[in-house]
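Engineer: Let me begin by handing over the structure; questions about it come next.
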Amino acid sequence: MIVMKSVLWGIIFSISAHILYAQNTIGLPEITNFSKKNYVAGTQNWGILQDKNGIMYFANNEGLLTFDGVFWKTYPLPNKSKVRSMAFGNDHKIYVGAEDEFGYFSPDKNGNLTYFSLKKLIHDKDSAFSDVWNICEYNGGLFFRASNKIFQYKDHSIAVYKPVSHWRFLGKSHDLLIAQDFDKGILQYHNGGWQPFLQNSALPSGALVTAFIPLEDGRSLLTTLEHGIYLIKDQTASPLYSPFLSLVSSHRIYSAVQVSPDRLALSTSLAGCYIINTRGEFIQKITKSEGLQNNNILSSFIDKNHNLWLGLDNGITSIAYNNAIKNIFPENDRESGGYTSALYNNTLYLGTSKGLYKVPVGANVSDLSYVTGKFSFVENSKGQVWNLSEINGKMLMAHHEGIFQVANNTAQRLLGNNGFWTFLPLSSISPAPVIVSGSYNGIHFLTYKNQSFQMTGAVPDFYLSSRFICIDNENTIWMSHPYRGVYRISVNNYTNASSKLYDSKNGLPVSLNNNYVYKVKNRIVVATEKGIYEYNHFKDRFEPSEYFRKLFKDIKVFLLKEDASGNIWFTSNNQLGVIDLSKSKPETVYFPELTNKMVSGFENITILNENNVLVGGETGFYHINYPKYKQNQNEISVQLRSLKAYGQSDSLIFGGYFGEVNMLKHQAIGQIPKISSQFNTLDFAFSSTLFSQQSSIEYAYFLEGFDNSWSGWTKKTEKEYSRLPYGLYRFQVKARNNFGKESAVASYSFEVLPPWYLTFWAYLYYAVLVGVLVYLAYKWQKRKFVRQQLKYREEQQKLQYLHQLELARNDKEIVRLKNEKLESEITHKNSDLASSAMHLVQKAEILNKIRTDLVKIARQTNMDDLKDDLKKMVKMVDEENKIDSDWGQFSVHFDKVHSNFLIALKEKYPNLSATELKLCAYLRMNLSTKEIAQLMNISSRSVEVSRYRLRKKLQLPSEINLFNFFLDFHVEENKS
């Protein structure tokens, strides 16, 4: 009996273990891991929230951590403690609980989150508590749970609720607020107190509640750490049982969240995350094997775009759970590139750089990514698998080592002397009798007979690598070589074929490089670097395709493929896109999630149907559910996250919030900042919270008041403006996704103040300064005028003085001239006097001679009458020869000429005789000794003697010239 029980339990355990480690879905959502290096904060993340603006919040070991899709930011608490819990209040603030601390964050006037503690409202006797692990908003109040107290914050006051033993959990679902007391069990808050909640005791003793989740129809789901999951309805708990859940519970369900109406995500602390339905059945697992950083999950959250966020013991993970693009990894190491894929006999085959893998998928599966299973390696397929083609009901594999037929989990080699690229039936006949195969060194023909393929020939003298092949409606083969050109191979039968090269002479671009031939819309087209060219059968040449030019415009295409709906899939510059022709107007849709993730040069698109498009990647494959991808056009938004000003120092002008944290609010008039001119270099940071599509989002911006128009679309999430002039500005930014859908414009107004020298007070100062300067200029000008007047007067005085001097000089000159004239006149008069004197002398001499002669004649004559007459004549001569009388007249005339010289001389020297005065007069006239002797009727010797005697009387030394003496005496006389 005991043995039977052991066997039974062993079987149950084996079944349970098999269920627990059941095969996962082959398609996995994109997992984005953020390590501590990415967000630069603490390792553990205890809670996750998202506000109405889309910003994510994490209760982190180093504070409140935020993420807007681009930028991470940490807001530490004043006591630097770990944030354990978070919740939004009705007042839109974000409340946090930490170690021995709780409170809320609210933006300051600059929109920067600031912490406000509520601990000061607690009475001193209740101020001691440990970590606050849960926060719930309920009926307008906030409840904070620590292990020894529950605090109720309402109307700016705090009430305290103490447990019987200690509080283990606090949660809310619908209109129920419950708490778990270790001894009393689960209690419900009602009418200001805690009352028993469950009417039955379905929960085992010691069960620790970890989550309380609202479901439809008023039901709730209650998870426990190690004791399973329970459905709550009308205060009755019913266990949700399945063998899978029993084992999941053993891995400690630490958190749970509803990811869709019928699915839940259970996060464990030991084994990662499991997706189940509301019946407890396994759907999918996301663990370290699937790409998580670690399996220890502390918190979980589903955002408004249905992305699943996990707060880990070390890191944060975002899972694009609702994304229409899934990853498929055929092997565990995820190292091989995906080259080809095919669905054959309800089995999905994936050809990689390492070989061929397969997984059963069943029949009539709408979305292959949700198929559960595990890939297995197809034997004898090691190496690079280039193509999988189902032809005549057989699966052919083009391999690096030859042609293989795949069947019964093995690959059978049909031809092994060469590498092959692809297969195509030469005609539309079914089964196809001839198959065209492109190889590394030419084009070969396979014939199909007796349910088998045989190699029967090749295009003669054609040895080019033939990877790109298509066949037109006339069974003509077209082949392109990336570096040789495009060839047309005409086949009469598979043993007689000829080739023709088409180049620039046949309408193609001059460059033969990178020309790829395809059959699209029943047309033979060549994708070139100059656009798409289409073959004109009537002209036997290629021409630029007007039809494809309208579709692709300037897009340089590498790969073209048409799906059953007529849509044209393509690759361009490592991007995947599709020209969607399902609507009245063609629409170009890109898949930015796959940009630079395909195998460059070996891109592969396999279109099984519109729900199942497989794309080869650098590591594995990508599955696209195209209708779902088009439907998942989440609302795109953009917001300004920060504005920083740079100058001599940095300054945060705007921190990202116009109102409370959980409010949709725009900038108010009173929130327009005034920025100093010294901080006129501004950096704007903006982002969109479309987390799963970050790679597809582009931004455009416009600074009203500075830019002339909107910028071009760019991936950049920051814009810097340097040295903005003063004025009022409005920065605007918008975002768009890969569907071309644009967000509403987010704007931010601000004013750059003028520099101090252009402010009102500066202008006032300038006005005062100008007034002072004008006054000073006036005073200076006035002083200058006075100085000029003084200078003018001085100059006038100087001029007058100079004029006076000039007049004086002129007067002197006149005097001099007069003196010269007088001198000349005197000299002339002296000359006249001298002449007169000489005349007198001569007259006297003549008269004397006449008298002498008369006397002589009178003596000699005897005639009395004659003697009497002669005596009368002698008497007349004597009377005429009166020198003294003549001298008297001469002296008077001389004094008039020489300013009373004789009178002055006589006054000064009264002892001078008349003869001496005559001598003085003659000397003053500068007469020679001889002339003087004649005038005085004496000898020259007597003149010298007289001069000597005169010098004695005048007391003149011998060295003084008498003429100069008398001349000076005359000058001194004039002066006196």
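Every chain in the structure tokens has a letter given in the order shown (A, B, ...), and although residue numbers restart at 1 in each chain, ligands are simply numbered from 1 in the order shown.
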Could you list, as a PDB file with N, CA and C atoms, in the first residue's frame, every residue within 10 Å of A:Gln180, counting only C-alpha atoms and ignoring same-chain residues fewer than 4 positions away?
Structural biologist:
```
ATOM      1  N   PRO A 163      -2.358  46.031  14.701  1.00  0.00           N
ATOM      2  CA  PRO A 163      -2.824  44.650  14.502  1.00  0.00           C
ATOM      3  C   PRO A 163      -2.892  43.898  15.827  1.00  0.00           C
ATOM      4  N   HIS A 166       0.616  41.095  13.778  1.00  0.00           N
ATOM      5  CA  HIS A 166       1.247  42.066  12.881  1.00  0.00           C
ATOM      6  C   HIS A 166       0.567  42.006  11.519  1.00  0.00           C
ATOM      7  N   TRP A 167       0.605  43.151  10.831  1.00  0.00           N
ATOM      8  CA  TRP A 167      -0.045  43.240   9.524  1.00  0.00           C
ATOM      9  C   TRP A 167       0.843  42.591   8.468  1.00  0.00           C
ATOM     10  N   ARG A 168       0.213  41.770   7.590  1.00  0.00           N
ATOM     11  CA  ARG A 168       0.970  41.048   6.564  1.00  0.00           C
ATOM     12  C   ARG A 168       0.702  41.549   5.149  1.00  0.00           C
ATOM     13  N   PHE A 169      -0.451  42.157   4.917  1.00  0.00           N
ATOM     14  CA  PHE A 169      -0.804  42.569   3.556  1.00  0.00           C
ATOM     15  C   PHE A 169      -1.888  43.645   3.619  1.00  0.00           C
ATOM     16  N   LEU A 170      -1.895  44.504   2.610  1.00  0.00           N
ATOM     17  CA  LEU A 170      -2.937  45.504   2.432  1.00  0.00           C
ATOM     18  C   LEU A 170      -3.207  45.608   0.935  1.00  0.00           C
ATOM     19  N   GLY A 171      -4.487  45.489   0.556  1.00  0.00           N
ATOM     20  CA  GLY A 171      -4.799  45.549  -0.864  1.00  0.00           C
ATOM     21  C   GLY A 171      -6.221  46.003  -1.118  1.00  0.00           C
ATOM     22  N   LYS A 184      -5.530  37.187  13.006  1.00  0.00           N
ATOM     23  CA  LYS A 184      -6.955  37.358  12.754  1.00  0.00           C
ATOM     24  C   LYS A 184      -7.362  36.999  11.334  1.00  0.00           C
ATOM     25  N   GLY A 185      -6.378  36.845  10.457  1.00  0.00           N
ATOM     26  CA  GLY A 185      -6.702  36.522   9.075  1.00  0.00           C
ATOM     27  C   GLY A 185      -6.984  37.769   8.250  1.00  0.00           C
ATOM     28  N   ILE A 186      -7.818  37.584   7.201  1.00  0.00           N
ATOM     29  CA  ILE A 186      -8.112  38.688   6.289  1.00  0.00           C
ATOM     30  C   ILE A 186      -9.265  39.508   6.834  1.00  0.00           C
ATOM     31  N   LEU A 187      -9.043  40.844   6.925  1.00  0.00           N
ATOM     32  CA  LEU A 187     -10.033  41.754   7.471  1.00  0.00           C
ATOM     33  C   LEU A 187     -10.419  42.770   6.406  1.00  0.00           C
ATOM     34  N   GLN A 188     -11.634  43.269   6.537  1.00  0.00           N
ATOM     35  CA  GLN A 188     -12.151  44.278   5.601  1.00  0.00           C
ATOM     36  C   GLN A 188     -12.342  45.589   6.357  1.00  0.00           C
ATOM     37  N   PRO A 196     -13.923  41.075  10.069  1.00  0.00           N
ATOM     38  CA  PRO A 196     -13.634  39.829   9.339  1.00  0.00           C
ATOM     39  C   PRO A 196     -14.218  39.891   7.929  1.00  0.00           C
ATOM     40  N   PHE A 197     -13.456  39.377   6.967  1.00  0.00           N
ATOM     41  CA  PHE A 197     -13.859  39.494   5.570  1.00  0.00           C
ATOM     42  C   PHE A 197     -14.438  38.195   5.015  1.00  0.00           C
ATOM     43  N   ALA A 207      -1.037  31.201   5.311  1.00  0.00           N
ATOM     44  CA  ALA A 207      -0.979  31.682   3.925  1.00  0.00           C
ATOM     45  C   ALA A 207      -0.753  33.197   3.920  1.00  0.00           C
ATOM     46  N   LEU A 208       0.233  33.638   3.162  1.00  0.00           N
ATOM     47  CA  LEU A 208       0.565  35.057   3.077  1.00  0.00           C
ATOM     48  C   LEU A 208       0.046  35.604   1.759  1.00  0.00           C
ATOM     49  N   VAL A 209      -0.900  36.556   1.851  1.00  0.00           N
ATOM     50  CA  VAL A 209      -1.480  37.163   0.643  1.00  0.00           C
ATOM     51  C   VAL A 209      -0.443  38.077  -0.003  1.00  0.00           C
TER      52      VAL A 209
END
```
Engineer: Taking a cut-off of 8 Å and counting only C-alpha atoms, can you build a table that, for each residue of stretch 273-392 of chain A near stretch 19-39 of chain A, reports the nearest atom pair and how far apart they are in Å (one decimal), sorted by chain then residue number, as a tab-separated table?
Structural biologist:
```
residue	atom	partner	partner_atom	distance
A:Ile283	CA	A:Asn24	CA	7.6
A:Gln284	CA	A:Asn24	CA	5.5
A:Lys285	CA	A:Asn24	CA	6.3
A:Glu290	CA	A:Leu28	CA	7.6
A:Gly291	CA	A:Ile31	CA	6.6
A:Leu292	CA	A:Asn33	CA	7.0
A:Gln293	CA	A:Asn33	CA	6.7
A:Asn314	CA	A:Ser35	CA	7.2
A:Gly315	CA	A:Ser35	CA	4.7
A:Ile316	CA	A:Phe34	CA	5.1
A:Thr317	CA	A:Asn33	CA	4.5
A:Ser318	CA	A:Thr32	CA	5.1
A:Ile319	CA	A:Ile31	CA	4.6
A:Ala320	CA	A:Glu30	CA	5.4
A:Tyr321	CA	A:Pro29	CA	5.5
A:Asn322	CA	A:Pro29	CA	7.8
A:Asn323	CA	A:Pro29	CA	6.8
A:Ile325	CA	A:Pro29	CA	7.0
A:Lys326	CA	A:Pro29	CA	4.8
A:Asn327	CA	A:Leu28	CA	5.0
A:Ile328	CA	A:Gly27	CA	4.9
A:Phe329	CA	A:Ile26	CA	7.4
A:Leu368	CA	A:Gly27	CA	7.4
A:Ser369	CA	A:Gly27	CA	4.0
A:Tyr370	CA	A:Thr25	CA	5.2
A:Val371	CA	A:Thr25	CA	5.2
A:Thr372	CA	A:Thr25	CA	4.0
A:Gly373	CA	A:Gln23	CA	5.0
A:Lys374	CA	A:Gln23	CA	6.2
```
Engineer: Using only C-alpha atoms, which of the listed residues (A:Val385, A:Ile122, A:Leu415, A:Val733) sits closest to A:Ser353?
Structural biologist: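 Closest to A:Ser353, using only C-alpha atoms: A:Val385.
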Engineer: In Å to one decimal, how far is atom CA of A:Ser300 from atom CA of A:His251?
Structural biologist: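 Separating atom CA of A:His251 from atom CA of A:Ser300 is a distance of 15.9 Å.
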Engineer: What's the 6 Å shell around stretch 459-462 of chain A, counting only C-alpha atoms, without same-chain residues fewer than 6 positions away, as number ranges by chain?
Structural biologist: A: 442-443, 497
Engineer: I want to know what sits within 7 Å of stretch 423-432 of chain A, based on only C-alpha atoms, with residues of the same chain fewer than 4 positions away left out; could you give that as a list of chain:residue names?
Structural biologist: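 Skipping anything fewer than 4 positions along the chain leaves A:Ser389, A:Asn392, A:Val436, A:Ser437, A:Gly438, A:Ile471, A:Asn475.
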Engineer: Let's have the selection written as a PDB file, in the first residue's frame, with N, CA and C atoms.
Structural biologist:
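File produced: result-v3.pdb:
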```pdb
ATOM      1  N   SER A 389      11.801  24.906 -50.150  1.00  0.00           N
ATOM      2  CA  SER A 389      10.726  25.032 -51.140  1.00  0.00           C
ATOM      3  C   SER A 389       9.931  23.744 -51.200  1.00  0.00           C
ATOM      4  N   ASN A 392       6.004  19.889 -55.745  1.00  0.00           N
ATOM      5  CA  ASN A 392       5.401  18.593 -56.032  1.00  0.00           C
ATOM      6  C   ASN A 392       5.157  17.786 -54.760  1.00  0.00           C
ATOM      7  N   VAL A 436      13.928  24.549 -61.835  1.00  0.00           N
ATOM      8  CA  VAL A 436      15.142  25.359 -62.025  1.00  0.00           C
ATOM      9  C   VAL A 436      15.797  25.557 -60.659  1.00  0.00           C
ATOM     10  N   SER A 437      17.076  25.324 -60.595  1.00  0.00           N
ATOM     11  CA  SER A 437      17.806  25.462 -59.341  1.00  0.00           C
ATOM     12  C   SER A 437      19.013  26.349 -59.550  1.00  0.00           C
ATOM     13  N   GLY A 438      19.094  27.421 -58.744  1.00  0.00           N
ATOM     14  CA  GLY A 438      20.256  28.299 -58.816  1.00  0.00           C
ATOM     15  C   GLY A 438      21.324  27.820 -57.860  1.00  0.00           C
ATOM     16  N   ILE A 471      10.956  33.497 -62.839  1.00  0.00           N
ATOM     17  CA  ILE A 471      10.508  32.951 -64.123  1.00  0.00           C
ATOM     18  C   ILE A 471       9.268  33.700 -64.544  1.00  0.00           C
ATOM     19  N   ASN A 475       7.783  31.270 -69.260  1.00  0.00           N
ATOM     20  CA  ASN A 475       8.754  30.273 -68.811  1.00  0.00           C
ATOM     21  C   ASN A 475      10.196  30.654 -69.172  1.00  0.00           C
TER      22      ASN A 475
END
```
Engineer: List as an mmCIF file with N, CA and C atoms, in the first residue's frame the protein and nucleic acid residues near A:Phe548, meaning an atom at most 9 Å away when only C-alpha atoms are counted, but skip any in the same chain fewer than 5 places from it.
Structural biologist:
```
data_model
loop_
_atom_site.group_PDB
_atom_site.id
_atom_site.type_symbol
_atom_site.label_atom_id
_atom_site.label_comp_id
_atom_site.auth_asym_id
_atom_site.auth_seq_id
_atom_site.Cartn_x
_atom_site.Cartn_y
_atom_site.Cartn_z
ATOM 1 N N GLY A 531 16.518 53.167 -58.745
ATOM 2 C CA GLY A 531 15.084 52.941 -58.747
ATOM 3 C C GLY A 531 14.741 51.581 -59.337
ATOM 4 N N ILE A 532 13.447 51.365 -59.541
ATOM 5 C CA ILE A 532 12.973 50.079 -60.058
ATOM 6 C C ILE A 532 12.713 50.192 -61.551
ATOM 7 N N TYR A 533 13.278 49.243 -62.298
ATOM 8 C CA TYR A 533 13.115 49.189 -63.755
ATOM 9 C C TYR A 533 12.237 47.980 -64.113
ATOM 10 N N GLU A 534 11.434 48.164 -65.136
ATOM 11 C CA GLU A 534 10.491 47.122 -65.559
ATOM 12 C C GLU A 534 10.808 46.700 -67.001
ATOM 13 N N LYS A 553 8.648 55.789 -54.646
ATOM 14 C CA LYS A 553 9.256 57.131 -54.722
ATOM 15 C C LYS A 553 10.782 57.021 -54.759
#
```
Engineer: Might you pull out every residue within 10 Å of A:Leu176, with only C-alpha atoms counted and same-chain residues fewer than 4 positions away left off, and present them as a PDB file with N, CA and C atoms, in the first residue's frame?
Structural biologist:
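In the end it all went to part-v4.pdb:
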```
ATOM      1  N   TYR A 138      -8.349  54.769  -0.745  1.00  0.00           N
ATOM      2  CA  TYR A 138      -9.682  54.229  -0.468  1.00  0.00           C
ATOM      3  C   TYR A 138     -10.554  55.319   0.135  1.00  0.00           C
ATOM      4  N   GLY A 171      -4.487  45.489   0.556  1.00  0.00           N
ATOM      5  CA  GLY A 171      -4.799  45.549  -0.864  1.00  0.00           C
ATOM      6  C   GLY A 171      -6.221  46.003  -1.118  1.00  0.00           C
ATOM      7  N   LYS A 172      -6.484  46.374  -2.392  1.00  0.00           N
ATOM      8  CA  LYS A 172      -7.790  46.886  -2.770  1.00  0.00           C
ATOM      9  C   LYS A 172      -8.240  46.219  -4.058  1.00  0.00           C
ATOM     10  N   GLN A 188     -11.634  43.269   6.537  1.00  0.00           N
ATOM     11  CA  GLN A 188     -12.151  44.278   5.601  1.00  0.00           C
ATOM     12  C   GLN A 188     -12.342  45.589   6.357  1.00  0.00           C
ATOM     13  N   TYR A 189     -11.923  46.691   5.719  1.00  0.00           N
ATOM     14  CA  TYR A 189     -12.113  47.997   6.339  1.00  0.00           C
ATOM     15  C   TYR A 189     -13.555  48.435   6.092  1.00  0.00           C
ATOM     16  N   HIS A 190     -14.268  48.733   7.180  1.00  0.00           N
ATOM     17  CA  HIS A 190     -15.669  49.126   7.061  1.00  0.00           C
ATOM     18  C   HIS A 190     -16.042  50.005   8.250  1.00  0.00           C
ATOM     19  N   PHE A 197     -13.456  39.377   6.967  1.00  0.00           N
ATOM     20  CA  PHE A 197     -13.859  39.494   5.570  1.00  0.00           C
ATOM     21  C   PHE A 197     -14.438  38.195   5.015  1.00  0.00           C
ATOM     22  N   PHE A 212      -4.145  41.204  -4.667  1.00  0.00           N
ATOM     23  CA  PHE A 212      -5.602  41.217  -4.636  1.00  0.00           C
ATOM     24  C   PHE A 212      -6.042  41.934  -5.899  1.00  0.00           C
ATOM     25  N   PRO A 214      -8.698  42.791  -9.112  1.00  0.00           N
ATOM     26  CA  PRO A 214     -10.100  42.808  -9.530  1.00  0.00           C
ATOM     27  C   PRO A 214     -10.287  42.108 -10.882  1.00  0.00           C
ATOM     28  N   SER A 220     -12.782  38.824  -7.623  1.00  0.00           N
ATOM     29  CA  SER A 220     -11.405  39.227  -7.359  1.00  0.00           C
ATOM     30  C   SER A 220     -10.544  37.979  -7.297  1.00  0.00           C
TER      31      SER A 220
END
```
Engineer: Provide the atom CA of A:Gly280 to atom CA of A:Leu203 distance in Å, to one decimal place.
Structural biologist: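 Interatomic distance, atom CA of A:Gly280 to atom CA of A:Leu203: 17.3 Å.
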Engineer: Using 8 Å as the limit and counting only C-alpha atoms, can you tabulate each residue of stretch 356-396 of chain A that touches stretch 401-407 of chain A, with its shortest atom-to-atom distance in Å and the two atoms involved, as CSV?
Structural biologist:
```
residue,atom,partner,partner_atom,distance
A:Gly383,CA,A:Glu401,CA,7.6
A:Lys394,CA,A:Gln405,CA,7.2
A:Met395,CA,A:Val406,CA,5.4
A:Leu396,CA,A:Gln405,CA,4.6
```
Engineer: Can you tell me, as a list in words, what residues are no more than 10 Å from A:Asn408 when counting only C-alpha atoms, ignoring any on the same chain fewer than 4 positions away?
Structural biologist: Val378, Glu379 and Gln412 of chain A
Engineer: Rank nothing, just name the residue among A:Leu312, A:Ile178, A:Val434, A:Leu560 nearest to A:Thr456, using only C-alpha atoms.
Structural biologist: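 Among the listed residues, the smallest separation from A:Thr456 belongs to A:Val434.
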Engineer: Just to confirm, what's the straight-line distance from atom CA of A:Pro330 to atom CA of A:Asn409 in Å (one decimal)?
Structural biologist: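 Here the two named atoms are 15.0 Å from each other.
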Engineer: Using DSSP assignments from the backbone, pull out every residue in stretch 505-562 of chain A that falls under alpha helix (DSSP H) and give it to me as an MDAnalysis selection string.
Structural biologist: chainID A and resid 546:552
Engineer: Choose the residue, out of A:Leu682, A:Ala146, A:Leu77, A:Val943, that has the smallest atom-to-atom separation from A:Ser117; count only C-alpha atoms.
Structural biologist: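 For A:Ser117, the nearest of the given residues is A:Leu77.
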Engineer: For A:Asn611, which residue out of A:Asp183, A:Asp217, A:Asp563, A:Asp313 is the nearest one, using only C-alpha atoms?
Structural biologist: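 Ranked by minimum distance to A:Asn611, first place goes to A:Asp563.
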Engineer: Identify, with DSSP run on backbone atoms, the residues in stretch 428-467 of chain A assigned to strand (DSSP E or B), and express the list as a list in words.
Structural biologist: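 For stretch 428-467 of chain A, the strand (DSSP E or B) set is Val434, Ile435, Val436, Ser437, Gly438, Ser439, Gly442, Ile443, His444, Phe445, Leu446, Thr447, Tyr448, Lys449, Ser452, Phe453, Gln454, Met455, Thr456, Gly457 and Ala458 of chain A.
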